[in-house]
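Okay, coords.cif is below, mmCIF, C-alpha atoms:
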```cif
data_final
#
loop_
_atom_site.label_atom_id
_atom_site.label_comp_id
_atom_site.auth_asym_id
_atom_site.auth_seq_id
_atom_site.Cartn_x
_atom_site.Cartn_y
_atom_site.Cartn_z
CA MET A 1 0.00 0.00 0.00
CA ASP A 2 1.14 3.54 -0.81
CA GLU A 3 2.73 5.47 2.08
CA ALA A 4 0.30 8.36 1.66
CA PRO A 5 -2.11 8.69 4.62
CA VAL A 6 -5.03 8.51 2.19
CA VAL A 7 -4.82 6.60 -1.09
CA VAL A 8 -7.14 7.80 -3.85
CA THR A 9 -7.75 5.45 -6.78
CA LYS A 10 -10.26 4.69 -9.49
CA GLU A 11 -11.50 1.24 -10.39
CA GLY A 12 -13.88 1.26 -13.32
CA SER A 13 -16.67 3.65 -12.42
CA LEU A 14 -15.84 3.61 -8.71
CA GLY A 15 -13.81 6.34 -7.03
CA ILE A 16 -12.08 4.86 -3.98
CA ILE A 17 -10.77 6.64 -0.90
CA THR A 18 -8.67 4.38 1.34
CA LEU A 19 -7.68 5.70 4.77
CA ASN A 20 -4.10 4.50 5.07
CA ARG A 21 -2.74 4.78 8.58
CA PRO A 22 -3.41 1.21 9.75
CA ARG A 23 -0.92 1.37 12.63
CA ALA A 24 -2.90 4.35 13.98
CA LEU A 25 -6.23 2.61 13.23
CA ASN A 26 -6.58 5.05 10.31
CA SER A 27 -7.09 7.99 12.68
CA LEU A 28 -7.70 11.23 10.81
CA ASN A 29 -5.40 14.22 10.66
CA LEU A 30 -5.56 17.51 8.78
CA GLU A 31 -3.60 16.23 5.77
CA MET A 32 -6.04 13.34 5.39
CA VAL A 33 -9.03 15.70 5.47
CA HIS A 34 -7.51 17.85 2.73
CA ILE A 35 -6.82 14.78 0.57
CA MET A 36 -10.39 13.59 1.01
CA ASP A 37 -11.80 16.99 0.07
CA ALA A 38 -9.68 17.05 -3.08
CA ALA A 39 -10.85 13.53 -3.94
CA PHE A 40 -14.47 14.61 -3.59
CA ASP A 41 -13.81 17.46 -6.04
CA ASP A 42 -12.18 15.08 -8.51
CA PHE A 43 -14.80 12.36 -8.32
CA GLU A 44 -17.76 14.73 -8.54
CA ALA A 45 -16.31 16.37 -11.63
CA ASP A 46 -15.43 13.08 -13.37
CA PRO A 47 -18.28 11.82 -15.61
CA ALA A 48 -16.73 8.35 -15.61
CA ILE A 49 -17.30 7.95 -11.85
CA ALA A 50 -20.68 6.57 -10.75
CA ALA A 51 -20.08 6.23 -7.01
CA ILE A 52 -17.55 6.95 -4.27
CA LEU A 53 -16.31 4.35 -1.79
CA ILE A 54 -14.52 4.94 1.51
CA THR A 55 -12.67 2.09 3.15
CA GLY A 56 -9.78 1.57 5.55
CA ALA A 57 -6.39 -0.08 5.15
CA GLY A 58 -5.47 -2.96 7.42
CA GLU A 59 -7.58 -5.55 9.18
CA ARG A 60 -8.66 -3.65 12.29
CA GLY A 61 -11.17 -1.12 11.07
CA LEU A 62 -12.23 1.81 8.93
CA CYS A 63 -11.22 4.59 11.34
CA ALA A 64 -10.86 4.91 15.12
CA GLY A 65 -11.45 8.67 15.13
CA GLY A 66 -9.51 11.88 14.86
CA ASP A 67 -5.91 12.30 15.96
CA ILE A 68 -6.88 13.17 19.51
CA ARG A 69 -3.27 13.07 20.75
CA MET A 70 -2.42 15.88 18.33
CA VAL A 71 -5.41 17.91 19.52
CA HIS A 72 -4.33 17.31 23.13
CA GLU A 73 -0.81 18.52 22.41
CA SER A 74 -2.07 21.47 20.34
CA GLY A 75 -4.42 22.56 23.10
CA LYS A 76 -1.63 22.51 25.65
CA ALA A 77 0.66 24.45 23.32
CA GLY A 78 -2.07 26.89 22.30
CA ASP A 79 -0.96 26.76 18.67
CA GLY A 80 -4.45 26.43 17.14
CA GLN A 81 -3.66 23.28 15.15
CA GLY A 82 -6.36 21.24 16.87
CA LEU A 83 -9.05 23.79 16.14
CA ARG A 84 -7.93 24.08 12.50
CA PHE A 85 -8.22 20.31 12.19
CA TRP A 86 -11.75 20.29 13.64
CA TRP A 87 -12.84 23.16 11.38
CA ALA A 88 -11.70 21.32 8.25
CA GLU A 89 -12.93 17.92 9.45
CA TYR A 90 -16.40 19.17 10.30
CA ARG A 91 -16.77 20.92 6.94
CA MET A 92 -15.75 17.68 5.20
CA ASN A 93 -18.22 15.66 7.30
CA ALA A 94 -21.07 18.01 6.38
CA ARG A 95 -20.16 17.80 2.69
CA ILE A 96 -20.72 14.04 2.50
CA PRO A 97 -24.55 13.96 2.48
CA HIS A 98 -24.58 16.62 -0.25
CA LEU A 99 -22.24 14.81 -2.67
CA SER A 100 -23.76 14.49 -6.13
CA LYS A 101 -22.87 10.80 -6.37
CA PRO A 102 -23.67 7.85 -4.09
CA TYR A 103 -21.21 7.59 -1.20
CA VAL A 104 -20.60 4.04 0.01
CA ALA A 105 -18.89 3.41 3.35
CA PHE A 106 -17.45 0.02 4.27
CA MET A 107 -17.99 0.07 8.04
CA ASP A 108 -15.85 -2.95 8.81
CA GLY A 109 -14.17 -3.35 12.20
CA ILE A 110 -13.57 -0.31 14.40
CA VAL A 111 -15.63 2.76 13.45
CA MET A 112 -15.50 5.32 16.23
CA GLY A 113 -15.63 9.09 16.63
CA GLY A 114 -14.30 10.62 13.44
CA GLY A 115 -14.78 7.25 11.76
CA VAL A 116 -18.52 7.69 12.25
CA GLY A 117 -18.18 11.14 10.71
CA VAL A 118 -16.67 9.84 7.47
CA SER A 119 -19.15 6.96 7.15
CA ALA A 120 -22.54 7.53 8.78
CA HIS A 121 -23.28 10.68 6.77
CA GLY A 122 -23.06 8.65 3.57
CA SER A 123 -25.90 7.49 1.35
CA HIS A 124 -24.99 3.79 1.62
CA ARG A 125 -23.57 2.71 5.00
CA ILE A 126 -22.42 -0.94 4.88
CA ALA A 127 -21.92 -2.60 8.26
CA THR A 128 -20.21 -5.98 8.57
CA GLU A 129 -20.34 -8.64 11.27
CA ARG A 130 -17.04 -7.23 12.54
CA LEU A 131 -18.35 -3.72 13.13
CA LYS A 132 -17.51 -2.08 16.46
CA LEU A 133 -19.12 1.34 16.36
CA ALA A 134 -19.15 3.92 19.13
CA MET A 135 -19.11 7.60 19.96
CA PRO A 136 -16.98 7.25 23.14
CA GLU A 137 -16.23 10.92 23.74
CA THR A 138 -17.73 11.29 27.22
CA GLY A 139 -15.01 8.90 28.38
CA ILE A 140 -12.28 11.38 27.40
CA GLY A 141 -13.87 14.58 28.66
CA PHE A 142 -15.36 15.49 25.29
CA PHE A 143 -18.76 15.17 23.59
CA PRO A 144 -19.97 13.44 20.38
CA ASP A 145 -18.98 15.65 17.45
CA VAL A 146 -18.44 15.20 13.65
CA GLY A 147 -22.16 15.85 13.20
CA ALA A 148 -23.14 13.15 15.72
CA THR A 149 -25.54 15.50 17.48
CA TRP A 150 -27.49 15.40 14.18
CA LEU A 151 -27.03 11.69 13.44
CA LEU A 152 -27.98 10.51 16.93
CA THR A 153 -31.18 12.54 17.01
CA ARG A 154 -32.82 11.73 13.68
CA LYS A 155 -34.75 8.66 14.78
CA GLY A 156 -37.52 8.66 17.34
CA GLY A 157 -36.88 7.50 20.86
CA GLU A 158 -33.82 7.82 23.05
CA LEU A 159 -31.44 5.23 21.61
CA GLY A 160 -29.22 8.01 20.26
CA THR A 161 -29.18 9.70 23.66
CA TYR A 162 -28.15 6.41 25.25
CA LEU A 163 -25.34 5.86 22.73
CA GLY A 164 -24.08 9.43 22.97
CA LEU A 165 -23.96 9.49 26.76
CA THR A 166 -22.65 5.98 27.45
CA GLY A 167 -20.28 5.56 24.48
CA GLU A 168 -21.52 1.97 24.21
CA ILE A 169 -19.89 -0.13 21.45
CA ILE A 170 -22.45 -1.65 19.09
CA GLY A 171 -22.44 -4.05 16.16
CA ALA A 172 -24.16 -4.13 12.79
CA ALA A 173 -27.70 -4.90 13.90
CA ASP A 174 -27.74 -2.18 16.55
CA ALA A 175 -26.10 0.33 14.20
CA ILE A 176 -28.92 -0.26 11.70
CA LEU A 177 -31.48 0.02 14.51
CA ALA A 178 -29.98 3.35 15.56
CA GLY A 179 -29.99 4.73 12.01
CA LEU A 180 -26.20 4.79 11.71
CA ALA A 181 -25.94 2.07 9.03
CA ASP A 182 -28.19 0.79 6.25
CA PHE A 183 -27.16 -2.71 5.21
CA CYS A 184 -25.22 -5.63 6.63
CA VAL A 185 -22.80 -7.37 4.25
CA ALA A 186 -20.47 -10.20 5.22
CA SER A 187 -16.89 -8.92 5.45
CA ASP A 188 -15.58 -11.62 3.12
CA ARG A 189 -17.93 -10.36 0.38
CA LEU A 190 -16.69 -6.75 0.45
CA PRO A 191 -14.13 -7.33 -2.36
CA GLU A 192 -16.87 -8.80 -4.55
CA LEU A 193 -19.20 -5.91 -3.74
CA ARG A 194 -16.44 -3.47 -4.59
CA GLY A 195 -15.98 -5.17 -7.96
CA VAL A 196 -19.69 -5.00 -8.79
CA LEU A 197 -19.80 -1.30 -7.89
CA ALA A 198 -16.77 -0.68 -10.09
CA ALA A 199 -18.57 -2.34 -13.00
CA LEU A 200 -21.61 -0.07 -12.83
CA SER A 201 -22.37 2.16 -15.77
CA PRO A 202 -20.93 5.67 -15.24
CA ASP A 203 -24.44 7.11 -15.45
CA SER A 204 -25.70 4.92 -12.63
CA GLY A 205 -27.23 6.64 -9.64
CA ARG A 206 -28.58 5.90 -6.21
CA VAL A 207 -31.25 3.48 -7.45
CA GLU A 208 -28.69 1.26 -9.18
CA VAL A 209 -26.45 1.29 -6.10
CA ASP A 210 -29.47 0.42 -3.95
CA GLU A 211 -30.12 -2.61 -6.14
CA VAL A 212 -26.53 -3.78 -5.74
CA MET A 213 -26.71 -3.41 -1.97
CA LEU A 214 -29.90 -5.47 -1.77
CA ARG A 215 -28.18 -8.28 -3.68
CA PHE A 216 -25.37 -8.43 -1.13
CA ALA A 217 -27.27 -7.61 2.05
CA THR A 218 -27.62 -10.26 4.72
CA ASP A 219 -29.67 -10.48 7.91
CA PRO A 220 -27.63 -8.86 10.73
CA GLY A 221 -29.59 -10.76 13.37
CA THR A 222 -31.63 -9.33 16.22
CA PRO A 223 -30.19 -6.12 17.68
CA THR A 224 -28.95 -6.68 21.23
CA LEU A 225 -30.60 -3.44 22.32
CA THR A 226 -34.08 -4.36 21.08
CA GLU A 227 -35.14 -5.83 24.41
CA HIS A 228 -33.97 -2.67 26.20
CA VAL A 229 -35.47 -0.01 23.91
CA ASP A 230 -38.51 0.65 26.10
CA LEU A 231 -36.33 1.02 29.19
CA ILE A 232 -33.94 3.31 27.32
CA ASP A 233 -36.84 5.47 26.16
CA ARG A 234 -38.17 5.74 29.71
CA ALA A 235 -34.88 6.45 31.43
CA PHE A 236 -33.18 8.65 28.83
CA GLY A 237 -36.19 10.81 28.03
CA PHE A 238 -35.30 13.34 30.73
CA ASP A 239 -33.43 16.59 30.13
CA THR A 240 -30.99 16.36 33.03
CA ILE A 241 -28.36 13.77 33.83
CA GLU A 242 -29.56 13.71 37.43
CA ASP A 243 -33.05 12.68 36.31
CA ILE A 244 -31.66 10.03 33.95
CA LEU A 245 -29.56 8.50 36.73
CA ALA A 246 -32.55 8.54 39.08
CA ALA A 247 -34.72 6.87 36.45
CA LEU A 248 -32.12 4.14 35.88
CA ASN A 249 -31.97 3.61 39.62
CA ARG A 250 -35.72 2.97 39.66
CA GLU A 251 -35.53 0.40 36.86
CA PRO A 252 -35.06 -3.24 37.87
CA GLY A 253 -32.54 -5.53 36.24
CA GLU A 254 -28.90 -5.77 35.32
CA PHE A 255 -29.04 -3.61 32.17
CA ALA A 256 -30.24 -0.51 34.04
CA ALA A 257 -27.73 -1.04 36.83
CA LYS A 258 -24.80 -1.48 34.44
CA THR A 259 -25.87 1.51 32.36
CA ARG A 260 -26.03 3.72 35.45
CA GLU A 261 -22.65 2.45 36.60
CA ARG A 262 -21.17 3.20 33.19
CA LEU A 263 -22.50 6.76 33.20
CA LEU A 264 -20.91 7.34 36.59
CA THR A 265 -17.48 6.56 35.11
CA ARG A 266 -17.79 9.29 32.46
CA SER A 267 -16.82 12.93 32.84
CA PRO A 268 -19.70 14.63 34.69
CA THR A 269 -19.12 17.83 32.74
CA SER A 270 -19.04 15.98 29.44
CA LEU A 271 -22.28 14.20 30.24
CA LYS A 272 -24.06 17.47 30.85
CA ILE A 273 -22.61 19.09 27.72
CA THR A 274 -23.51 16.05 25.64
CA LEU A 275 -27.11 15.85 26.80
CA ARG A 276 -27.68 19.52 26.04
CA MET A 277 -25.97 19.17 22.64
CA LEU A 278 -28.23 16.23 21.79
CA ARG A 279 -31.38 18.04 22.85
CA LEU A 280 -30.41 21.08 20.77
CA GLY A 281 -29.48 18.77 17.89
CA ARG A 282 -32.93 17.19 17.97
CA ALA A 283 -34.50 20.63 17.53
CA SER A 284 -32.07 21.75 14.81
CA ALA A 285 -33.08 22.22 11.20
CA SER A 286 -29.87 21.03 9.56
CA LEU A 287 -26.62 19.16 9.97
CA GLU A 288 -24.77 22.42 9.38
CA GLU A 289 -26.49 24.02 12.35
CA CYS A 290 -25.33 21.13 14.53
CA ILE A 291 -21.79 21.32 13.12
CA ASN A 292 -21.51 25.02 13.99
CA ARG A 293 -22.65 24.30 17.54
CA GLU A 294 -20.23 21.38 17.87
CA PHE A 295 -17.36 23.50 16.60
CA ALA A 296 -18.05 26.19 19.18
CA GLY A 297 -18.21 23.50 21.86
CA SER A 298 -14.96 21.96 20.63
CA ALA A 299 -13.20 25.31 20.87
CA ALA A 300 -14.38 25.62 24.47
CA ILE A 301 -13.37 22.05 25.30
CA LEU A 302 -9.73 23.06 24.84
CA ASP A 303 -10.09 25.01 28.09
CA LEU A 304 -11.65 22.08 29.97
CA PRO A 305 -9.31 20.19 32.33
CA ASP A 306 -11.37 17.01 31.90
CA PHE A 307 -10.42 16.83 28.21
CA TYR A 308 -6.70 16.75 28.97
CA GLU A 309 -7.20 14.33 31.85
CA GLY A 310 -9.41 12.06 29.75
CA VAL A 311 -6.95 11.89 26.86
CA ARG A 312 -4.09 11.32 29.29
CA ALA A 313 -5.86 8.37 30.91
CA ALA A 314 -7.10 6.81 27.65
CA VAL A 315 -4.38 7.59 25.10
CA ILE A 316 -1.16 8.78 26.70
CA ASP A 317 -0.64 6.98 30.02
CA LYS A 318 -3.41 4.44 29.27
CA ASP A 319 -4.09 3.84 32.96
CA ARG A 320 -7.86 4.05 32.31
CA ASN A 321 -8.24 5.96 35.56
CA PRO A 322 -9.24 9.55 34.80
CA ARG A 323 -9.70 11.93 37.71
CA TRP A 324 -12.56 14.17 36.70
CA SER A 325 -12.95 17.69 38.07
CA PRO A 326 -15.58 18.05 39.33
CA ASP A 327 -16.07 14.35 39.94
CA ARG A 328 -19.78 14.46 40.78
CA ILE A 329 -22.72 15.26 38.50
CA GLU A 330 -24.34 17.54 41.06
CA ALA A 331 -21.15 19.60 41.34
CA VAL A 332 -21.36 20.73 37.69
CA ALA A 333 -23.07 24.12 37.76
CA GLU A 334 -25.09 25.67 34.96
CA THR A 335 -22.51 28.44 34.72
CA ASP A 336 -19.89 25.78 33.94
CA LEU A 337 -21.79 24.85 30.78
CA LYS A 338 -22.30 28.32 29.31
CA PRO A 339 -18.93 28.59 27.49
CA PHE A 340 -19.75 25.50 25.42
CA PHE A 341 -22.86 27.06 23.91
CA VAL A 342 -21.53 30.45 22.84
CA ALA A 343 -21.38 30.80 19.04
CA HIS A 344 -17.84 30.79 17.66
CA PRO A 345 -16.85 33.90 15.68
CA ASP A 346 -15.52 31.75 12.81
CA PRO A 347 -17.98 28.86 12.40
CA PRO A 348 -17.53 26.29 9.60
CA PHE A 349 -20.74 27.47 7.96
CA PRO A 350 -22.13 31.02 7.66
CA GLN A 351 -24.61 31.86 10.36
CA VAL A 352 -28.18 32.02 9.10
#
```

Take the structure in the file and write it out as structure tokens.
Amino acid sequence: MDEAPVVVTKEGSLGIITLNRPRALNSLNLEMVHIMDAAFDDFEADPAIAAILITGAGERGLCAGGDIRMVHESGKAGDGQGLRFWWAEYRMNARIPHLSKPYVAFMDGIVMGGGVGVSAHGSHRIATERLKLAMPETGIGFFPDVGATWLLTRKGGELGTYLGLTGEIIGAADAILAGLADFCVASDRLPELRGVLAALSPDSGRVEVDEVMLRFATDPGTPTLTEHVDLIDRAFGFDTIEDILAALNREPGEFAAKTRERLLTRSPTSLKITLRMLRLGRASASLEECINREFAGSAAILDLPDFYEGVRAAVIDKDRNPRWSPDRIEAVAETDLKPFFVAHPDPPFPQV
């Protein structure tokens, strides 16, 4: 494989973007975002290209997220590199649903954080039996971004709230249930699917790609969360973390207890930011509106001690023992949340 961090190729009528940092689980950086944007320009302008495919190099997954270590270091240095990365990444994420050609994502293996951003906004999201999808940001003192506050709030019910707050890892069936994937295709059939897409007529569109997907789609099985959906809707329908925790405490059974325990390991500040972001996302009129809000929140997160502590514990020292400040939900004051919801002076998209 080429040494470039993103390899752009054409096979027949298929334009292919391969994220190519397998040793870093294909984590995104600014150079990769710029290469992807240029590839979008090229493929959209090329009449010989019928569809665009994004996939990941290596056996472990499509993409584990953004280069959070770089953002951590940039925030400490105050050099602005992290914010420049987010600005470009978010604009690229929001471009995906507006591409003029079908955008196919092979969601095989690890798809987390920024990996969700480059896949779940697509027109054809292909999950495999190896999918491990999550938005785990509350575990590092952050909140779901890359347009996740739009993605997680498009379906009815509170499954998106549950996934955004807990960072739970889900497979293909649950990803389809949550509206984050469309089809399940066996991982060993992805090369064959790629070949069929490459053989499409250049003037093919979404309908033709739909027909191909239906030929390859397989039953993902029963989602593991199906039996808990009613409980999730009851417990996560509240607008404060305190009320959600109290509701889980009232619910009988192991699932409610484990969910409550998991929430109590996350950054209290992040939980409160995330819930408000999701509620505002649900009421938003567009992905771009959510992206602007997320960007402003991301800028503010660089001043949050929990972000640096969360990345230290998860990525740098890897002791998995973050010390949150404050360390209790009830100690997070409303005034602590205000900086995360102030519009940024340079948003990715013009303010309406």

| request: Would you mind listing what lies within 8 Å of Pro102 (chain A) as a ChimeraX atom specification, with only C-alpha atoms counted and same-chain residues fewer than 4 positions away left out? | output: /A:50-52,122-124,205-206,209

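Distance check against Leu99 (chain A) using all atoms listed in the file: of A:Ala4, A:Asp327, A:Arg262, A:Phe43, the minimum falls on A:Phe43.
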
| message | Quick check on the file I pasted: which residues fall under the PyMOL selection byres ((chain A and resi 186) around 9)? Write them as an MDAnalysis selection string. | response | chainID A and resid 127:130 184:185 187:190 216:218

The selected residues should be written to file as a compact mmCIF listing (two decimals), keeping the file's coordinate frame (atoms: C-alpha atoms).
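Written file, out33.txt:
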```
# COMPACT_ATOMS: atom_id res chain seq x y z
CA ALA A 127 -21.92 -2.60 8.26
CA THR A 128 -20.21 -5.98 8.57
CA GLU A 129 -20.34 -8.64 11.27
CA ARG A 130 -17.04 -7.23 12.54
CA CYS A 184 -25.22 -5.63 6.63
CA VAL A 185 -22.80 -7.37 4.25
CA SER A 187 -16.89 -8.92 5.45
CA ASP A 188 -15.58 -11.62 3.12
CA ARG A 189 -17.93 -10.36 0.38
CA LEU A 190 -16.69 -6.75 0.45
CA PHE A 216 -25.37 -8.43 -1.13
CA ALA A 217 -27.27 -7.61 2.05
CA THR A 218 -27.62 -10.26 4.72
```

So that I can see what lies close to Asp306 (chain A), please list as an mmCIF file with C-alpha atoms, in the frame of the given file the residues with an atom at most 6 Å from it, counting only C-alpha atoms and leaving out residues fewer than 4 positions away in the same chain.
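The resulting file, out_16.cif, is reproduced below:
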```cif
data_model
loop_
_atom_site.group_PDB
_atom_site.id
_atom_site.type_symbol
_atom_site.label_atom_id
_atom_site.label_comp_id
_atom_site.auth_asym_id
_atom_site.auth_seq_id
_atom_site.Cartn_x
_atom_site.Cartn_y
_atom_site.Cartn_z
ATOM 1 C CA GLY A 141 -13.870 14.580 28.660
ATOM 2 C CA GLY A 310 -9.410 12.060 29.750
ATOM 3 C CA TRP A 324 -12.560 14.170 36.700
#
```

| request: Determine the residue set returned by the PyMOL selection byres ((chain A and resi 286-301) around 6) for the present structure, and present it as number ranges by chain. | output: A: 145, 147, 150, 281, 284-285, 302-304, 340, 343-344, 347

Using C-alpha atoms, can you write the selected residues to a file as a JSON list (two decimals), in the coordinates of the input?
```
[["chain", "number", "residue", "atom", "x", "y", "z"],
["A", 145, "ASP", "CA", -18.98, 15.65, 17.45],
["A", 147, "GLY", "CA", -22.16, 15.85, 13.20],
["A", 150, "TRP", "CA", -27.49, 15.40, 14.18],
["A", 281, "GLY", "CA", -29.48, 18.77, 17.89],
["A", 284, "SER", "CA", -32.07, 21.75, 14.81],
["A", 285, "ALA", "CA", -33.08, 22.22, 11.20],
["A", 302, "LEU", "CA", -9.73, 23.06, 24.84],
["A", 303, "ASP", "CA", -10.09, 25.01, 28.09],
["A", 304, "LEU", "CA", -11.65, 22.08, 29.97],
["A", 340, "PHE", "CA", -19.75, 25.50, 25.42],
["A", 343, "ALA", "CA", -21.38, 30.80, 19.04],
["A", 344, "HIS", "CA", -17.84, 30.79, 17.66],
["A", 347, "PRO", "CA", -17.98, 28.86, 12.40]]
```

| message | Just want the 10 Å neighbourhood of region 311-322 of chain A, counted on all atoms listed in the file, with same-chain residues fewer than 5 positions away dropped. Output as a ChimeraX atom specification. | response | /A:68-69,71-72,137,139-142,265-267,306,327

| query | What lies within 8 Å of Thr240 (chain A) using all atoms listed in the file, ignoring chain neighbours under 3 positions off, as an MDAnalysis selection string? | reply | chainID A and resid 243:244 272 275

| task | Could you tell me which residues the PyMOL selection byres ((chain A and resi 166) around 12) returns for this structure, as a PyMOL selection string? | result | chain A and resi 134-140+143-144+159-165+167-170+232+236+241+244-245+256+258-268+270-271+274-275

| query | Which is closest to Asp219 (chain A) among A:Gly195, A:Phe238, A:Asp233, A:Asp182, if we use all atoms listed in the file? | reply | A:Asp182

Kindly compute an axis-aligned box around the listed atoms of region 72-77 of chain A, allowing 6 Å on each side, and express its centre and edge lengths in Å to one decimal as lines of an AutoDock Vina configuration file.
```
center_x = -1.9
center_y = 20.9
center_z = 23.0
size_x = 17.1
size_y = 19.1
size_z = 17.3
```

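Ranking A:Arg323, A:His34, A:Arg21, A:Arg125 by their shortest atom-to-atom distance to Glu3 (chain A), with only C-alpha atoms included, puts A:Arg21 first.
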
| task | Please provide the set of residues having any atom within 9 Å of Val33 (chain A), restricted to all atoms listed in the file, with same-chain residues fewer than 2 positions apart removed, written as a list in words. | result | Val6, Leu28, Asn29, Leu30, Glu31, Ile35, Met36, Asp37, Ala38, Phe85, Ala88, Glu89 and Met92 of chain A

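For the atom pair formed by CA of Ala57 (chain A) and CA of Ala148 (chain A), the distance is 23.8 Å, given to one decimal.
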
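For the pair CA of Asp42 (chain A) and CA of Arg60 (chain A), the separation is 28.2 Å.
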
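Considering only C-alpha atoms, the residue among A:Ser119, A:Ser74, A:Ser100, A:Ala94 positioned nearest to Leu19 (chain A) is A:Ser119.
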
| Please, what distance in Å, to one decimal, runs between CA of Thr18 (chain A) and CA of Leu62 (chain A)? | 8.8 Å

| message | Which residue is closest to Ala175 (chain A)? Choose from A:Met277, A:Ala247, A:Ala64, A:Leu225 and count only C-alpha atoms. | response | A:Leu225
